[in-house]
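One file, data29.cif, carrying mmCIF, C-alpha atoms (C1' of nucleotides):
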data_coords
#
loop_
_atom_site.group_PDB
_atom_site.id
_atom_site.type_symbol
_atom_site.label_atom_id
_atom_site.label_comp_id
_atom_site.auth_asym_id
_atom_site.auth_seq_id
_atom_site.Cartn_x
_atom_site.Cartn_y
_atom_site.Cartn_z
ATOM 1 C CA MET X 1154 136.266 -70.921 32.595
ATOM 2 C CA SER X 1155 135.163 -74.509 32.315
ATOM 3 C CA ILE X 1156 134.423 -76.010 28.930
ATOM 4 C CA LEU X 1157 132.426 -73.056 27.716
ATOM 5 C CA SER X 1158 134.214 -70.671 25.432
ATOM 6 C CA LYS X 1159 135.001 -67.180 26.517
ATOM 7 C CA ASP X 1160 132.801 -65.819 23.751
ATOM 8 C CA LEU X 1161 129.820 -67.853 24.785
ATOM 9 C CA VAL X 1162 130.238 -66.829 28.388
ATOM 10 C CA ALA X 1163 130.537 -63.205 27.358
ATOM 11 C CA ALA X 1164 127.476 -63.345 25.139
ATOM 12 C CA SER X 1165 125.314 -64.872 27.831
ATOM 13 C CA ALA X 1166 126.560 -62.924 30.829
ATOM 14 C CA THR X 1167 124.330 -59.885 30.561
ATOM 15 C CA PRO X 1168 121.094 -61.749 29.814
ATOM 16 C CA LEU X 1169 121.903 -64.122 32.663
ATOM 17 C CA VAL X 1170 122.466 -61.373 35.185
ATOM 18 C CA LEU X 1171 119.333 -59.544 34.166
ATOM 19 C CA SER X 1172 117.336 -62.780 34.199
ATOM 20 C CA ILE X 1173 118.519 -63.605 37.680
ATOM 21 C CA LEU X 1174 117.600 -60.156 38.923
ATOM 22 C CA LYS X 1175 114.219 -60.473 37.291
ATOM 23 C CA GLN X 1176 113.485 -63.272 39.718
ATOM 24 C CA GLY X 1177 114.249 -61.006 42.638
ATOM 25 C CA ASP X 1178 116.928 -58.725 44.019
ATOM 26 C CA SER X 1179 120.294 -60.316 44.525
ATOM 27 C CA TYR X 1180 123.958 -59.515 45.098
ATOM 28 C CA GLY X 1181 127.286 -60.351 43.544
ATOM 29 C CA TYR X 1182 128.350 -63.364 45.488
ATOM 30 C CA ALA X 1183 124.934 -64.968 45.272
ATOM 31 C CA ILE X 1184 124.683 -64.319 41.538
ATOM 32 C CA ILE X 1185 127.910 -66.182 40.955
ATOM 33 C CA GLN X 1186 126.558 -69.151 42.861
ATOM 34 C CA GLN X 1187 123.237 -69.027 41.064
ATOM 35 C CA VAL X 1188 125.025 -69.129 37.743
ATOM 36 C CA ARG X 1189 127.084 -72.090 38.857
ATOM 37 C CA GLU X 1190 123.985 -73.961 39.951
ATOM 38 C CA LEU X 1191 122.000 -73.029 36.893
ATOM 39 C CA SER X 1192 124.765 -74.423 34.708
ATOM 40 C CA ASP X 1193 125.343 -77.544 36.776
ATOM 41 C CA GLY X 1194 128.818 -76.312 37.541
ATOM 42 C CA GLU X 1195 129.779 -75.735 33.931
ATOM 43 C CA MET X 1196 129.923 -71.980 34.163
ATOM 44 C CA GLU X 1197 132.142 -70.603 36.887
ATOM 45 C CA TRP X 1198 132.278 -66.848 37.011
ATOM 46 C CA ALA X 1199 135.172 -65.098 38.642
ATOM 47 C CA ASP X 1200 134.076 -62.302 40.910
ATOM 48 C CA GLY X 1201 136.470 -59.953 39.167
ATOM 49 C CA MET X 1202 134.440 -60.531 36.056
ATOM 50 C CA LEU X 1203 130.993 -60.023 37.516
ATOM 51 C CA TYR X 1204 131.468 -56.809 39.446
ATOM 52 C CA PRO X 1205 132.480 -54.748 36.438
ATOM 53 C CA ILE X 1206 129.394 -56.043 34.643
ATOM 54 C CA LEU X 1207 127.160 -55.044 37.532
ATOM 55 C CA HIS X 1208 128.750 -51.619 37.603
ATOM 56 C CA ARG X 1209 128.289 -51.221 33.886
ATOM 57 C CA LEU X 1210 124.642 -52.226 34.066
ATOM 58 C CA GLU X 1211 124.096 -49.795 36.875
ATOM 59 C CA LYS X 1212 125.717 -47.016 34.912
ATOM 60 C CA GLN X 1213 123.429 -47.890 32.026
ATOM 61 C CA LYS X 1214 120.478 -47.516 34.422
ATOM 62 C CA LEU X 1215 119.356 -51.066 33.802
ATOM 63 C CA ILE X 1216 119.782 -52.044 37.428
ATOM 64 C CA GLN X 1217 119.944 -50.170 40.698
ATOM 65 C CA SER X 1218 122.025 -50.927 43.739
ATOM 66 C CA TYR X 1219 121.403 -50.456 47.409
ATOM 67 C CA TRP X 1220 123.173 -51.569 50.523
ATOM 68 C CA GLY X 1221 121.522 -54.203 52.610
ATOM 69 C CA LYS X 1222 122.432 -56.548 55.381
ATOM 70 C CA ALA X 1223 122.848 -60.271 55.611
ATOM 71 C CA GLU X 1224 121.232 -62.168 58.464
ATOM 72 C CA ASN X 1225 124.498 -62.012 60.382
ATOM 73 C CA GLY X 1226 124.784 -58.286 60.039
ATOM 74 C CA ARG X 1227 127.347 -58.134 57.269
ATOM 75 C CA LYS X 1228 126.603 -55.627 54.578
ATOM 76 C CA ARG X 1229 125.850 -56.591 51.056
ATOM 77 C CA LYS X 1230 125.256 -54.627 47.908
ATOM 78 C CA TYR X 1231 121.985 -55.699 46.419
ATOM 79 C CA TYR X 1232 120.853 -55.046 42.887
ATOM 80 C CA ARG X 1233 117.342 -54.523 41.638
ATOM 81 C CA LEU X 1234 116.199 -54.741 38.039
ATOM 82 C CA ARG X 1235 114.842 -51.481 36.718
ATOM 83 C CA VAL X 1236 112.147 -51.101 34.096
ATOM 84 C CA ALA X 1237 114.730 -50.257 31.476
ATOM 85 C CA GLY X 1238 116.525 -53.422 32.445
ATOM 86 C CA THR X 1239 113.414 -55.486 31.889
ATOM 87 C CA ASN X 1240 113.060 -54.012 28.447
ATOM 88 C CA GLU X 1241 116.683 -54.573 27.659
ATOM 89 C CA LEU X 1242 116.374 -58.165 28.789
ATOM 90 C CA SER X 1243 113.528 -58.672 26.333
ATOM 91 C CA ARG X 1244 115.669 -57.268 23.556
ATOM 92 C CA LEU X 1245 118.599 -59.467 24.471
ATOM 93 C CA ARG X 1246 116.409 -62.532 24.598
ATOM 94 C CA GLU X 1247 114.987 -61.741 21.181
ATOM 95 C CA ASN X 1248 118.438 -61.331 19.743
ATOM 96 C CA TRP X 1249 119.646 -64.512 21.309
ATOM 97 C CA GLN X 1250 116.621 -66.264 19.889
ATOM 98 C CA ARG X 1251 117.374 -64.885 16.432
ATOM 99 C CA VAL X 1252 120.886 -66.226 16.463
ATOM 100 C CA HIS X 1253 119.695 -69.481 17.921
ATOM 101 C CA ALA X 1254 117.233 -69.761 15.048
ATOM 102 C CA MET X 1255 120.025 -69.151 12.555
ATOM 103 C CA LEU X 1256 122.099 -71.933 14.021
ATOM 104 C CA LYS X 1257 119.152 -74.284 14.075
ATOM 105 C CA LYS X 1258 118.185 -73.385 10.549
ATOM 106 C CA ILE X 1259 121.581 -74.205 9.157
ATOM 107 C CA GLU X 1260 121.785 -77.268 11.326
ATOM 108 C CA GLY X 1261 118.821 -78.437 9.339
ATOM 109 C CA VAL X 1262 116.698 -79.209 12.355
ATOM 110 C CA GLN X 1263 113.049 -78.377 12.582
ATOM 111 C CA PRO X 1264 112.830 -75.147 14.536
ATOM 112 C CA CYS X 1265 111.033 -75.396 17.825
ATOM 113 C CA SER X 1266 107.893 -73.293 18.115
ATOM 114 C CA THR X 1267 108.718 -71.942 21.576
ATOM 115 C CA MET S 939 127.039 -54.783 13.058
ATOM 116 C CA SER S 940 123.323 -54.405 12.936
ATOM 117 C CA ILE S 941 121.274 -54.817 16.097
ATOM 118 C CA LEU S 942 123.109 -57.860 17.319
ATOM 119 C CA SER S 943 125.631 -57.295 20.049
ATOM 120 C CA LYS S 944 129.299 -57.765 19.417
ATOM 121 C CA ASP S 945 129.401 -60.554 21.952
ATOM 122 C CA LEU S 946 126.583 -62.466 20.364
ATOM 123 C CA VAL S 947 128.165 -62.125 16.948
ATOM 124 C CA ALA S 948 131.502 -63.293 18.345
ATOM 125 C CA ALA S 949 129.970 -66.267 20.106
ATOM 126 C CA SER S 950 128.141 -67.450 17.024
ATOM 127 C CA ALA S 951 130.799 -66.745 14.411
ATOM 128 C CA THR S 952 132.774 -69.968 14.662
ATOM 129 C CA PRO S 953 129.787 -72.319 14.794
ATOM 130 C CA LEU S 954 128.263 -70.456 11.879
ATOM 131 C CA VAL S 955 131.337 -70.727 9.706
ATOM 132 C CA LEU S 956 131.777 -74.391 10.484
ATOM 133 C CA SER S 957 128.080 -75.043 9.896
ATOM 134 C CA ILE S 958 128.206 -73.346 6.527
ATOM 135 C CA LEU S 959 131.210 -75.363 5.501
ATOM 136 C CA LYS S 960 129.494 -78.511 6.654
ATOM 137 C CA GLN S 961 126.970 -77.951 3.918
ATOM 138 C CA GLY S 962 129.737 -77.837 1.346
ATOM 139 C CA ASP S 963 132.973 -76.072 0.527
ATOM 140 C CA SER S 964 132.769 -72.324 0.309
ATOM 141 C CA TYR S 965 134.900 -69.183 0.278
ATOM 142 C CA GLY S 966 135.128 -65.932 2.163
ATOM 143 C CA TYR S 967 132.971 -63.668 0.099
ATOM 144 C CA ALA S 968 130.235 -66.260 -0.268
ATOM 145 C CA ILE S 969 130.241 -67.042 3.445
ATOM 146 C CA ILE S 970 129.604 -63.411 4.260
ATOM 147 C CA GLN S 971 126.626 -63.407 1.943
ATOM 148 C CA GLN S 972 125.316 -66.669 3.303
ATOM 149 C CA VAL S 973 125.412 -65.267 6.813
ATOM 150 C CA ARG S 974 123.554 -62.180 5.697
ATOM 151 C CA GLU S 975 120.860 -64.252 4.046
ATOM 152 C CA LEU S 976 120.613 -66.704 6.895
ATOM 153 C CA SER S 977 120.018 -63.828 9.294
ATOM 154 C CA ASP S 978 117.607 -61.952 7.046
ATOM 155 C CA GLY S 979 120.089 -59.120 6.849
ATOM 156 C CA GLU S 980 120.478 -58.796 10.595
ATOM 157 C CA MET S 981 124.039 -59.998 10.725
ATOM 158 C CA GLU S 982 126.467 -58.222 8.437
ATOM 159 C CA TRP S 983 130.010 -59.469 8.671
ATOM 160 C CA ALA S 984 132.880 -57.293 7.574
ATOM 161 C CA ASP S 985 135.395 -59.156 5.476
ATOM 162 C CA GLY S 986 138.166 -57.940 7.735
ATOM 163 C CA MET S 987 136.484 -59.888 10.480
ATOM 164 C CA LEU S 988 135.927 -63.137 8.633
ATOM 165 C CA TYR S 989 139.330 -63.721 7.067
ATOM 166 C CA PRO S 990 141.203 -63.800 10.375
ATOM 167 C CA ILE S 991 138.658 -66.330 11.618
ATOM 168 C CA LEU S 992 139.179 -68.522 8.575
ATOM 169 C CA HIS S 993 142.925 -68.312 9.004
ATOM 170 C CA ARG S 994 142.634 -69.211 12.661
ATOM 171 C CA LEU S 995 140.421 -72.192 11.930
ATOM 172 C CA GLU S 996 142.848 -73.354 9.304
ATOM 173 C CA LYS S 997 145.752 -73.049 11.707
ATOM 174 C CA GLN S 998 143.737 -75.090 14.179
ATOM 175 C CA LYS S 999 143.343 -77.735 11.465
ATOM 176 C CA LEU S 1000 139.587 -77.529 11.627
ATOM 177 C CA ILE S 1001 139.308 -76.470 8.010
ATOM 178 C CA GLN S 1002 141.531 -76.722 4.981
ATOM 179 C CA SER S 1003 141.958 -74.260 2.165
ATOM 180 C CA TYR S 1004 142.676 -74.701 -1.507
ATOM 181 C CA TRP S 1005 142.687 -72.366 -4.453
ATOM 182 C CA GLY S 1006 139.929 -72.751 -6.970
ATOM 183 C CA LYS S 1007 138.449 -70.805 -9.816
ATOM 184 C CA ALA S 1008 135.170 -69.053 -10.340
ATOM 185 C CA GLU S 1009 133.217 -69.635 -13.558
ATOM 186 C CA ASN S 1010 134.738 -66.502 -14.984
ATOM 187 C CA GLY S 1011 138.251 -67.580 -14.250
ATOM 188 C CA ARG S 1012 138.905 -65.480 -11.161
ATOM 189 C CA LYS S 1013 140.630 -67.300 -8.384
ATOM 190 C CA ARG S 1014 139.047 -67.999 -5.094
ATOM 191 C CA LYS S 1015 140.254 -69.547 -1.895
ATOM 192 C CA TYR S 1016 137.904 -72.317 -0.932
ATOM 193 C CA TYR S 1017 137.629 -73.904 2.473
ATOM 194 C CA ARG S 1018 136.711 -77.444 3.303
ATOM 195 C CA LEU S 1019 135.608 -78.738 6.691
ATOM 196 C CA ARG S 1020 137.959 -81.314 8.114
ATOM 197 C CA VAL S 1021 136.998 -84.159 10.413
ATOM 198 C CA ALA S 1022 138.373 -82.311 13.416
ATOM 199 C CA GLY S 1023 136.196 -79.387 12.387
ATOM 200 C CA THR S 1024 133.107 -81.562 12.336
ATOM 201 C CA ASN S 1025 133.894 -82.746 15.833
ATOM 202 C CA GLU S 1026 134.561 -79.245 17.029
ATOM 203 C CA LEU S 1027 131.276 -78.110 15.544
ATOM 204 C CA SER S 1028 129.460 -80.765 17.539
ATOM 205 C CA ARG S 1029 131.137 -79.564 20.687
ATOM 206 C CA LEU S 1030 130.287 -75.949 19.958
ATOM 207 C CA ARG S 1031 126.672 -76.835 19.266
ATOM 208 C CA GLU S 1032 126.437 -78.759 22.501
ATOM 209 C CA ASN S 1033 127.860 -75.859 24.433
ATOM 210 C CA TRP S 1034 125.560 -73.411 22.744
ATOM 211 C CA GLN S 1035 122.671 -75.681 23.589
ATOM 212 C CA ARG S 1036 123.751 -75.822 27.206
ATOM 213 C CA VAL S 1037 123.780 -72.072 27.549
ATOM 214 C CA HIS S 1038 120.530 -71.831 25.647
ATOM 215 C CA ALA S 1039 119.018 -74.263 28.124
ATOM 216 C CA MET S 1040 120.258 -72.149 31.022
ATOM 217 C CA LEU S 1041 118.625 -69.057 29.595
ATOM 218 C CA LYS S 1042 115.393 -70.913 28.960
ATOM 219 C CA LYS S 1043 115.417 -72.455 32.390
ATOM 220 C CA ILE S 1044 115.683 -69.146 34.131
ATOM 221 C CA GLU S 1045 113.215 -67.616 31.760
ATOM 222 C CA GLY S 1046 110.792 -70.112 33.198
ATOM 223 C CA VAL S 1047 109.709 -71.409 29.836
ATOM 224 C CA GLN S 1048 109.150 -75.067 29.106
ATOM 225 C CA PRO S 1049 112.281 -76.268 27.389
ATOM 226 C CA CYS S 1050 111.782 -77.508 23.846
ATOM 227 C CA SER S 1051 112.573 -81.164 23.335
ATOM 228 C CA THR S 1052 114.550 -80.609 20.118
ATOM 229 C "C1'" DT R 709 144.940 -68.676 65.923
ATOM 230 C "C1'" DG R 710 144.624 -70.028 61.441
ATOM 231 C "C1'" DA R 711 141.991 -71.325 57.611
ATOM 232 C "C1'" DC R 712 138.174 -70.778 54.859
ATOM 233 C "C1'" DA R 713 133.911 -68.759 53.144
ATOM 234 C "C1'" DT R 714 131.695 -64.594 52.291
ATOM 235 C "C1'" DG R 715 131.687 -60.190 50.053
ATOM 236 C "C1'" DC R 716 133.092 -56.025 47.278
ATOM 237 C "C1'" DA R 717 136.400 -53.559 44.277
ATOM 238 C "C1'" DT R 718 139.913 -52.093 40.791
ATOM 239 C "C1'" DA R 719 144.540 -51.409 38.440
ATOM 240 C "C1'" DG R 720 146.964 -52.758 34.753
ATOM 241 C "C1'" DA R 721 148.644 -56.403 31.873
ATOM 242 C "C1'" DA R 722 147.295 -59.050 28.218
ATOM 243 C "C1'" DT R 723 144.422 -60.058 24.644
ATOM 244 C "C1'" DT R 724 141.114 -59.112 21.235
ATOM 245 C "C1'" DT R 725 138.754 -56.708 17.743
ATOM 246 C "C1'" DA R 726 137.328 -53.268 14.529
ATOM 247 C "C1'" DT R 727 138.554 -50.495 10.857
ATOM 248 C "C1'" DA R 728 141.016 -48.579 7.591
ATOM 249 C "C1'" DT R 729 143.790 -49.624 4.013
ATOM 250 C "C1'" DG R 730 145.954 -52.224 0.286
ATOM 251 C "C1'" DT R 731 145.862 -55.248 -3.741
ATOM 252 C "C1'" DA R 732 143.641 -57.085 -7.890
ATOM 253 C "C1'" DT R 733 140.220 -58.404 -11.510
ATOM 254 C "C1'" DA R 734 135.606 -58.649 -13.673
ATOM 255 C "C1'" DA R 735 131.390 -56.580 -14.807
ATOM 256 C "C1'" DT R 736 128.538 -52.753 -15.734
ATOM 257 C "C1'" DC R 737 127.271 -48.263 -16.951
ATOM 258 C "C1'" DC R 738 127.692 -43.799 -19.242
ATOM 259 C "C1'" DG F 1076 137.394 -45.221 -23.054
ATOM 260 C "C1'" DG F 1077 136.764 -44.130 -18.353
ATOM 261 C "C1'" DA F 1078 134.431 -44.531 -14.062
ATOM 262 C "C1'" DT F 1079 132.133 -47.184 -10.735
ATOM 263 C "C1'" DT F 1080 130.658 -51.138 -8.443
ATOM 264 C "C1'" DA F 1081 130.984 -55.980 -7.160
ATOM 265 C "C1'" DT F 1082 133.932 -59.603 -6.339
ATOM 266 C "C1'" DA F 1083 137.827 -61.423 -3.670
ATOM 267 C "C1'" DC F 1084 141.636 -61.824 -0.370
ATOM 268 C "C1'" DA F 1085 144.730 -59.900 3.218
ATOM 269 C "C1'" DT F 1086 146.700 -57.504 7.295
ATOM 270 C "C1'" DA F 1087 148.625 -53.716 10.258
ATOM 271 C "C1'" DT F 1088 147.562 -51.150 13.942
ATOM 272 C "C1'" DA F 1089 144.771 -48.289 16.684
ATOM 273 C "C1'" DA F 1090 141.309 -48.944 19.967
ATOM 274 C "C1'" DA F 1091 138.712 -51.391 23.029
ATOM 275 C "C1'" DT F 1092 137.967 -55.063 26.107
ATOM 276 C "C1'" DT F 1093 138.896 -58.387 29.485
ATOM 277 C "C1'" DC F 1094 141.231 -61.332 32.564
ATOM 278 C "C1'" DT F 1095 143.874 -61.888 36.562
ATOM 279 C "C1'" DA F 1096 146.033 -60.758 40.329
ATOM 280 C "C1'" DT F 1097 145.620 -58.292 44.176
ATOM 281 C "C1'" DG F 1098 143.664 -55.757 47.905
ATOM 282 C "C1'" DC F 1099 140.494 -55.093 51.654
ATOM 283 C "C1'" DA F 1100 137.249 -56.587 55.275
ATOM 284 C "C1'" DT F 1101 134.347 -59.600 58.298
ATOM 285 C "C1'" DG F 1102 132.192 -63.870 59.997
ATOM 286 C "C1'" DT F 1103 132.577 -68.792 61.101
ATOM 287 C "C1'" DC F 1104 134.492 -72.875 62.556
ATOM 288 C "C1'" DA F 1105 137.857 -76.082 64.175
#

Written as structure tokens, that's how I'd like the structure from this file.
Amino acid sequence: MSILSKDLVAASATPLVLSILKQGDSYGYAIIQQVRELSDGEMEWADGMLYPILHRLEKQKLIQSYWGKAENGRKRKYYRLRVAGTNELSRLRENWQRVHAMLKKIEGVQPCST
Amino acid sequence: MSILSKDLVAASATPLVLSILKQGDSYGYAIIQQVRELSDGEMEWADGMLYPILHRLEKQKLIQSYWGKAENGRKRKYYRLRVAGTNELSRLRENWQRVHAMLKKIEGVQPCST
DNA sequence: TGACATGCATAGAATTTATATGTATAATCC
DNA sequence: GGATTATACATATAAATTCTATGCATGTCA
């Protein structure tokens, strides 16, 4: 999984998926590509890793799936972010920010105001 | 484990331990307290979680242990950051920063220059 | 026709992790 | 003195998670 540790990938996976869906409905294959692009190729998700996450998020009612069609007629399973998912994303971002602040604090660097 | 997800705790554990040791030698019990303080009580490590991490880091030659004594004469196992550990910490911080940048990018917020 | 990209899904092996438990000593409180 | 709490390290094992391989199916392109 590239140079990024398993733990780091695991910790960021859910916020990433929810963030991507916040920008608009998407589907598994496209999400994997978006993550690759977003990371400049440093994060390569296996599909066998993403689908269980999507299913889990759907079961948690954070996202909602529906079948759609690609331009060529092939079917795709799209996911839409639900309100609960938006809220959860905020929580996850806060938590990430907290840990980030911890690491910065002990690194001895001036914390960034954003 | 407080409000922070397991994954987030796992992803930050190694950089935190190495960062703490970078500020000076320390030992298990104290590290747990330092993490609690650093997080304002939001991250509570169980000792049964930390010791295996310390042992792993020692086996990886990133840190080195030695027995010392507390003021009252009780023995303590201290850990010192080795050069390889300093290098690894840099790598981990870079990787963390990369993922942080990804999350910020997709959040649509101006990245902070620090 | 064969190869490759797109696209979804899951079983089960393999790994990881949490928790309970064990040991021991010092300090504190009643 | 006796009980309790804080300090301090350690690990076995039950429980949970996760990775990987595999399967299926269709469209495109050479």

Each chain S residue no farther than 10 Å from chain F, nearest pair in Å, only C-alpha atoms (C1' of nucleotides), as a tab-separated table:
residue	atom	partner	partner_atom	distance
S:Tyr965	CA	F:DA1083	C1'	9.2
S:Gly966	CA	F:DA1083	C1'	7.9
S:Tyr967	CA	F:DA1083	C1'	6.5
S:Ala968	CA	F:DA1083	C1'	9.6
S:Asp985	CA	F:DC1084	C1'	9.0
S:Gly986	CA	F:DA1085	C1'	8.2
S:Tyr989	CA	F:DA1085	C1'	7.7
S:Pro990	CA	F:DA1085	C1'	8.9
S:Arg1012	CA	F:DA1083	C1'	8.6
S:Lys1013	CA	F:DA1083	C1'	8.0
S:Arg1014	CA	F:DA1083	C1'	6.8
S:Lys1015	CA	F:DC1084	C1'	8.0

Per-residue nearest contacts of chain R to chain S (12 Å; only C-alpha atoms (C1' of nucleotides)) as a Markdown table:
| residue | atom | partner | partner_atom | distance |
| --- | --- | --- | --- | --- |
| R:DT724 | C1' | S:Ala948 | CA | 10.9 |
| R:DT725 | C1' | S:Met987 | CA | 8.2 |
| R:DA726 | C1' | S:Met987 | CA | 7.8 |
| R:DT727 | C1' | S:Gly986 | CA | 8.1 |
| R:DA728 | C1' | S:Gly986 | CA | 9.8 |
| R:DT729 | C1' | S:Gly986 | CA | 10.7 |
| R:DA732 | C1' | S:Arg1012 | CA | 10.2 |
| R:DT733 | C1' | S:Arg1012 | CA | 7.2 |
| R:DA734 | C1' | S:Arg1012 | CA | 8.0 |
| R:DA735 | C1' | S:Asn1010 | CA | 10.5 |

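Note that the spacing between CA of Trp1034 in chain S and CA of Ser950 in chain S amounts to 8.7 Å.
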
Please evaluate the PyMOL selection byres ((chain S) within 6 of (chain X)) against the displayed coordinates and give the resulting residues as a PDB file with C-alpha atoms, in the frame of the given file.
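Written out: selection_36.pdb:
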ATOM      1  CA  ASP S 945     129.401 -60.554  21.952  1.00  0.00           C
ATOM      2  CA  LEU S 946     126.583 -62.466  20.364  1.00  0.00           C
ATOM      3  CA  ALA S 949     129.970 -66.267  20.106  1.00  0.00           C
TER       4      ALA S 949
END

Return chain X as a CSV table (one decimal) with C-alpha atoms, keeping the file's coordinate frame, after superposing it on chain S by a least-squares fit that covers all C-alpha atoms paired in order.
chain,number,residue,atom,x,y,z
X,1154,MET,CA,127.1,-54.7,13.2
X,1155,SER,CA,123.3,-54.4,13.0
X,1156,ILE,CA,121.2,-54.8,16.1
X,1157,LEU,CA,123.1,-57.9,17.3
X,1158,SER,CA,125.6,-57.3,20.0
X,1159,LYS,CA,129.3,-57.8,19.4
X,1160,ASP,CA,129.4,-60.5,21.9
X,1161,LEU,CA,126.6,-62.4,20.3
X,1162,VAL,CA,128.1,-62.1,16.9
X,1163,ALA,CA,131.5,-63.3,18.3
X,1164,ALA,CA,129.9,-66.3,20.1
X,1165,SER,CA,128.1,-67.5,17.0
X,1166,ALA,CA,130.8,-66.8,14.4
X,1167,THR,CA,132.7,-70.0,14.6
X,1168,PRO,CA,129.8,-72.3,14.8
X,1169,LEU,CA,128.2,-70.5,11.9
X,1170,VAL,CA,131.3,-70.7,9.7
X,1171,LEU,CA,131.8,-74.4,10.5
X,1172,SER,CA,128.1,-75.0,9.9
X,1173,ILE,CA,128.2,-73.3,6.5
X,1174,LEU,CA,131.2,-75.4,5.5
X,1175,LYS,CA,129.5,-78.5,6.6
X,1176,GLN,CA,127.0,-77.9,3.9
X,1177,GLY,CA,129.7,-77.8,1.3
X,1178,ASP,CA,133.0,-76.1,0.5
X,1179,SER,CA,132.8,-72.3,0.3
X,1180,TYR,CA,134.9,-69.2,0.3
X,1181,GLY,CA,135.1,-65.9,2.2
X,1182,TYR,CA,133.0,-63.7,0.1
X,1183,ALA,CA,130.2,-66.2,-0.3
X,1184,ILE,CA,130.2,-67.0,3.4
X,1185,ILE,CA,129.6,-63.4,4.3
X,1186,GLN,CA,126.6,-63.4,1.9
X,1187,GLN,CA,125.3,-66.7,3.3
X,1188,VAL,CA,125.4,-65.3,6.8
X,1189,ARG,CA,123.6,-62.2,5.7
X,1190,GLU,CA,120.9,-64.3,4.0
X,1191,LEU,CA,120.6,-66.7,6.9
X,1192,SER,CA,120.0,-63.8,9.3
X,1193,ASP,CA,117.6,-61.9,7.0
X,1194,GLY,CA,120.1,-59.1,6.8
X,1195,GLU,CA,120.5,-58.8,10.6
X,1196,MET,CA,124.0,-60.0,10.7
X,1197,GLU,CA,126.5,-58.2,8.4
X,1198,TRP,CA,130.0,-59.5,8.7
X,1199,ALA,CA,132.9,-57.3,7.6
X,1200,ASP,CA,135.4,-59.2,5.5
X,1201,GLY,CA,138.2,-58.0,7.7
X,1202,MET,CA,136.5,-59.9,10.5
X,1203,LEU,CA,135.9,-63.1,8.6
X,1204,TYR,CA,139.3,-63.7,7.1
X,1205,PRO,CA,141.2,-63.8,10.4
X,1206,ILE,CA,138.7,-66.4,11.6
X,1207,LEU,CA,139.2,-68.5,8.6
X,1208,HIS,CA,142.9,-68.3,9.0
X,1209,ARG,CA,142.6,-69.2,12.7
X,1210,LEU,CA,140.4,-72.2,11.9
X,1211,GLU,CA,142.8,-73.4,9.3
X,1212,LYS,CA,145.7,-73.1,11.7
X,1213,GLN,CA,143.7,-75.1,14.2
X,1214,LYS,CA,143.3,-77.8,11.5
X,1215,LEU,CA,139.5,-77.6,11.6
X,1216,ILE,CA,139.3,-76.5,8.0
X,1217,GLN,CA,141.5,-76.7,5.0
X,1218,SER,CA,142.0,-74.3,2.2
X,1219,TYR,CA,142.7,-74.7,-1.5
X,1220,TRP,CA,142.7,-72.4,-4.4
X,1221,GLY,CA,139.9,-72.7,-7.0
X,1222,LYS,CA,138.5,-70.8,-9.8
X,1223,ALA,CA,135.2,-69.0,-10.3
X,1224,GLU,CA,133.3,-69.5,-13.5
X,1225,ASN,CA,134.8,-66.4,-15.0
X,1226,GLY,CA,138.3,-67.6,-14.2
X,1227,ARG,CA,139.0,-65.5,-11.2
X,1228,LYS,CA,140.7,-67.3,-8.4
X,1229,ARG,CA,139.1,-68.0,-5.1
X,1230,LYS,CA,140.3,-69.5,-1.9
X,1231,TYR,CA,137.9,-72.3,-0.9
X,1232,TYR,CA,137.6,-73.9,2.5
X,1233,ARG,CA,136.7,-77.4,3.3
X,1234,LEU,CA,135.6,-78.7,6.7
X,1235,ARG,CA,137.9,-81.3,8.1
X,1236,VAL,CA,137.0,-84.2,10.4
X,1237,ALA,CA,138.3,-82.3,13.4
X,1238,GLY,CA,136.2,-79.4,12.4
X,1239,THR,CA,133.1,-81.6,12.3
X,1240,ASN,CA,133.9,-82.8,15.8
X,1241,GLU,CA,134.5,-79.3,17.0
X,1242,LEU,CA,131.2,-78.1,15.5
X,1243,SER,CA,129.4,-80.8,17.5
X,1244,ARG,CA,131.1,-79.6,20.7
X,1245,LEU,CA,130.3,-76.0,19.9
X,1246,ARG,CA,126.7,-76.8,19.3
X,1247,GLU,CA,126.4,-78.7,22.5
X,1248,ASN,CA,127.8,-75.8,24.4
X,1249,TRP,CA,125.6,-73.4,22.7
X,1250,GLN,CA,122.7,-75.7,23.6
X,1251,ARG,CA,123.7,-75.8,27.2
X,1252,VAL,CA,123.8,-72.0,27.5
X,1253,HIS,CA,120.5,-71.8,25.6
X,1254,ALA,CA,119.0,-74.2,28.1
X,1255,MET,CA,120.2,-72.1,31.0
X,1256,LEU,CA,118.6,-69.0,29.6
X,1257,LYS,CA,115.4,-70.9,28.9
X,1258,LYS,CA,115.4,-72.4,32.3
X,1259,ILE,CA,115.7,-69.1,34.1
X,1260,GLU,CA,113.2,-67.6,31.7
X,1261,GLY,CA,110.8,-70.1,33.2
X,1262,VAL,CA,109.7,-71.5,29.8
X,1263,GLN,CA,109.2,-75.1,29.2
X,1264,PRO,CA,112.4,-76.4,27.6
X,1265,CYS,CA,111.9,-77.6,24.0
X,1266,SER,CA,112.8,-81.3,23.5
X,1267,THR,CA,114.8,-80.7,20.4

(request) Name the residues that the PyMOL selection byres ((chain X and resi 1237) around 12) picks from the file above, as an NGL selection string, using the file's chain letters and numbers. (result) :X and (1171 or 1175 or 1210-1217 or 1233-1236 or 1238-1244)

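Take CA of Ala1008 in chain S and CA of Ile969 in chain S: the distance between them is 14.8 Å.
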